[in-house]
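Participant: Take a look at this one; I'll ask things after.
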Amino acid sequence: MVNLLLVSLRYGETAPAVAAAEYRDICEATGLTQEQTTHLIIDSTKVQLPDLKQFDGVIVGGSSLNITNDEWSDWQHHIHQQLASLVEAELPVFLICFGASWLAHHVGGTVGHTHAETSGKTVVRLTPEAAQDALARHLPQEFTSLTGHTEAVESLPVDSDDVTVLADGPTCPVQLLRVGDSTWASQFHAEMDAVAMKNRMDFFYDYGYFSPEDYLDIVNSLPEIDTTWSNKLITIFVRYCATNAVAH
């Protein structure tokens, strides 16, 4: 039986509720049960990652943090340190949304506001490199997903063999990337369906992910957006963790 660590990067009064919704979304998308998961909420600088040797893989949810902030709080510095330790660990890791910006920054890339996407539908297109990737090779050449972010990856190191862009899109040039052999990050929300996106929009109504006057139009459009394959991606990751654990 696979044993995964689910990490929520949430802070403030809404942290417990957002983290709980995130946990439900990930379990709903993957079919993971409580017996197969440990949920860790890093909501202060006192919370540390547990011993990672007991897990077959890690999924890190999104965050309202931004790489492009003029200053980082002590909590954000702590989050960066915890994420760095995940990348350095010898186990599969899948990061969502903010994780793509953080991972790009971590390996020496740049993050900015040029390719921000409003909440709702996005199109994901695989690159040729995806055909050799353990996860992306199982996906169709193009699929749709749900998204919403105020910053995104603008560049990645061109001289690094460890960084691979697996998917781009017409509105965001880095939708899925891999660092090394076992760390992935999706800019889109691989764990979300229409219900999950509406719930998240309600939590972050005034954050800037969408214009409040567009709220109803976005929510009404969500049920028509096919998230089958973006959800399948995170399921494929879980399967990869299980297979990798058996192999080792």
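Letters A, B, ... go to the chains of the structure tokens in the order shown; residues in each chain start at 1; ligands are counted from 1 in the same order.
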From the DSSP assignment of the backbone, select every residue of segment 102-147 of chain A that is strand (DSSP E or B), and format the answer as a list of chain:residue names.
Facilitator: A:Thr110, A:Val111, A:Gly112, A:Glu117, A:Thr118, A:Ser119, A:Gly120, A:Lys121, A:Thr122, A:Val123, A:Val124, A:Arg125, A:Leu126, A:Glu142, A:Phe143, A:Thr144, A:Ser145, A:Leu146, A:Thr147
Participant: So that I can see what lies close to Asp159 of chain A, please list as JSON, numbers by chain the residues with an atom at most 12 Å from it, counting only C-alpha atoms and leaving out residues fewer than 6 positions away in the same chain.
Facilitator: {"A": [107, 108, 109]}
Participant: Which residues are near Asp161 of chain A? Cut-off 10 Å, only C-alpha atoms, ignore same chain within fewer than 4 positions. Put them as a CSV table (one decimal) with N, CA and C atoms, in the first residue's frame.
Facilitator:
```
chain,number,residue,atom,x,y,z
A,157,PRO,N,17.1,27.9,-16.3
A,157,PRO,CA,18.5,27.8,-16.7
A,157,PRO,C,18.6,27.0,-18.0
A,179,VAL,N,12.5,18.5,-12.4
A,179,VAL,CA,13.9,18.8,-12.0
A,179,VAL,C,14.5,17.5,-11.5
A,180,GLY,N,15.7,17.1,-12.1
A,180,GLY,CA,16.2,15.8,-11.8
A,180,GLY,C,15.4,14.7,-12.3
```
Participant: Could you give me, as a short mmCIF file (atom, residue, chain, number, x, y, z; two decimals) with N, CA, C and O atoms, in the first residue's frame, the residues within 7 Å of segment 100-105 of chain A, counting only C-alpha atoms and dropping anything in the same chain fewer than 2 positions from it?
Facilitator:
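Wrote it out as selection18.cif, contents follow:
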```cif
data_model
loop_
_atom_site.label_atom_id
_atom_site.label_comp_id
_atom_site.auth_asym_id
_atom_site.auth_seq_id
_atom_site.Cartn_x
_atom_site.Cartn_y
_atom_site.Cartn_z
N ILE A 67 6.81 34.38 -5.05
CA ILE A 67 8.26 34.57 -5.18
C ILE A 67 8.58 36.03 -5.44
O ILE A 67 9.61 36.55 -5.01
N LEU A 95 4.80 19.10 -6.88
CA LEU A 95 4.40 20.39 -6.36
C LEU A 95 3.37 21.03 -7.29
O LEU A 95 3.45 20.88 -8.51
N ILE A 96 2.43 21.77 -6.69
CA ILE A 96 1.32 22.35 -7.45
C ILE A 96 1.31 23.87 -7.34
O ILE A 96 1.45 24.42 -6.26
N CYS A 97 1.17 24.55 -8.48
CA CYS A 97 0.97 25.99 -8.59
C CYS A 97 2.16 26.79 -8.03
O CYS A 97 3.15 26.95 -8.73
N PHE A 98 2.08 27.30 -6.80
CA PHE A 98 3.21 28.03 -6.23
C PHE A 98 4.49 27.21 -6.31
O PHE A 98 5.58 27.76 -6.50
N VAL A 107 16.15 26.60 -8.79
CA VAL A 107 17.19 26.10 -9.70
C VAL A 107 17.84 27.23 -10.50
O VAL A 107 18.65 26.97 -11.39
N GLY A 108 17.50 28.48 -10.18
CA GLY A 108 18.15 29.61 -10.84
C GLY A 108 17.36 30.25 -11.96
O GLY A 108 17.90 31.07 -12.71
N GLY A 109 16.08 29.93 -12.07
CA GLY A 109 15.24 30.56 -13.07
C GLY A 109 14.65 31.86 -12.56
O GLY A 109 14.96 32.31 -11.45
N THR A 110 13.80 32.47 -13.36
CA THR A 110 13.17 33.73 -12.97
C THR A 110 11.65 33.58 -12.98
O THR A 110 11.08 32.79 -13.74
N VAL A 111 11.00 34.36 -12.13
CA VAL A 111 9.55 34.34 -11.98
C VAL A 111 9.04 35.77 -12.10
O VAL A 111 9.65 36.71 -11.58
N ALA A 152 4.28 33.56 -12.59
CA ALA A 152 4.59 32.30 -13.27
C ALA A 152 6.06 32.30 -13.66
O ALA A 152 6.74 33.34 -13.63
N VAL A 153 6.52 31.13 -14.06
CA VAL A 153 7.91 30.98 -14.51
C VAL A 153 8.11 31.77 -15.80
O VAL A 153 7.32 31.66 -16.74
N LEU A 156 14.09 29.58 -17.36
CA LEU A 156 14.76 28.50 -16.64
C LEU A 156 16.21 28.43 -17.11
O LEU A 156 16.53 28.88 -18.22
N ALA A 185 6.59 19.66 -11.02
CA ALA A 185 5.77 20.78 -10.58
C ALA A 185 4.83 21.19 -11.71
O ALA A 185 5.27 21.35 -12.85
N SER A 186 3.56 21.33 -11.39
CA SER A 186 2.58 21.79 -12.38
C SER A 186 2.14 23.20 -12.01
O SER A 186 1.84 23.48 -10.85
N GLN A 187 2.10 24.09 -13.02
CA GLN A 187 1.56 25.42 -12.78
C GLN A 187 0.03 25.35 -12.63
O GLN A 187 -0.55 26.06 -11.82
#
```
Participant: Neighbours of Thr45 of chain A within 12 Å (only C-alpha atoms; same-chain residues fewer than 4 positions away dropped), as a ChimeraX atom specification?
Facilitator: /A:9-11,41,49,73-82
Participant: Keeping only C-alpha atoms, take the residues you just selected and write them out as a JSON list (two decimals), in the first residue's frame.
Facilitator:
```json
[["chain", "number", "residue", "atom", "x", "y", "z"],
["A", 9, "LEU", "CA", 1.45, 25.59, 2.78],
["A", 10, "ARG", "CA", -1.20, 27.69, 4.48],
["A", 11, "TYR", "CA", -1.06, 30.55, 6.96],
["A", 41, "ILE", "CA", 0.03, 21.79, 7.43],
["A", 49, "LEU", "CA", 8.84, 18.01, 7.83],
["A", 73, "SER", "CA", 8.35, 36.80, 5.75],
["A", 74, "ASP", "CA", 10.09, 34.46, 8.17],
["A", 75, "TRP", "CA", 7.37, 31.94, 7.36],
["A", 76, "GLN", "CA", 8.09, 32.13, 3.64],
["A", 77, "HIS", "CA", 11.82, 31.65, 4.24],
["A", 78, "HIS", "CA", 10.92, 28.62, 6.32],
["A", 79, "ILE", "CA", 8.69, 27.24, 3.55],
["A", 80, "HIS", "CA", 11.51, 27.61, 1.04],
["A", 81, "GLN", "CA", 13.87, 25.72, 3.34],
["A", 82, "GLN", "CA", 11.38, 22.91, 3.83]]
```
Participant: Have a look at atom CA of Thr37 of chain A and atom CA of Arg24 of chain A and let me know their distance in Å, one decimal.
Facilitator: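 A separation of 11.3 Å between them.
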Participant: When distances are computed from only C-alpha atoms, which of A:Asp168, A:Glu224, A:Glu88, A:Glu71 shows the smallest separation from Val123 of chain A?
Facilitator: A:Asp168
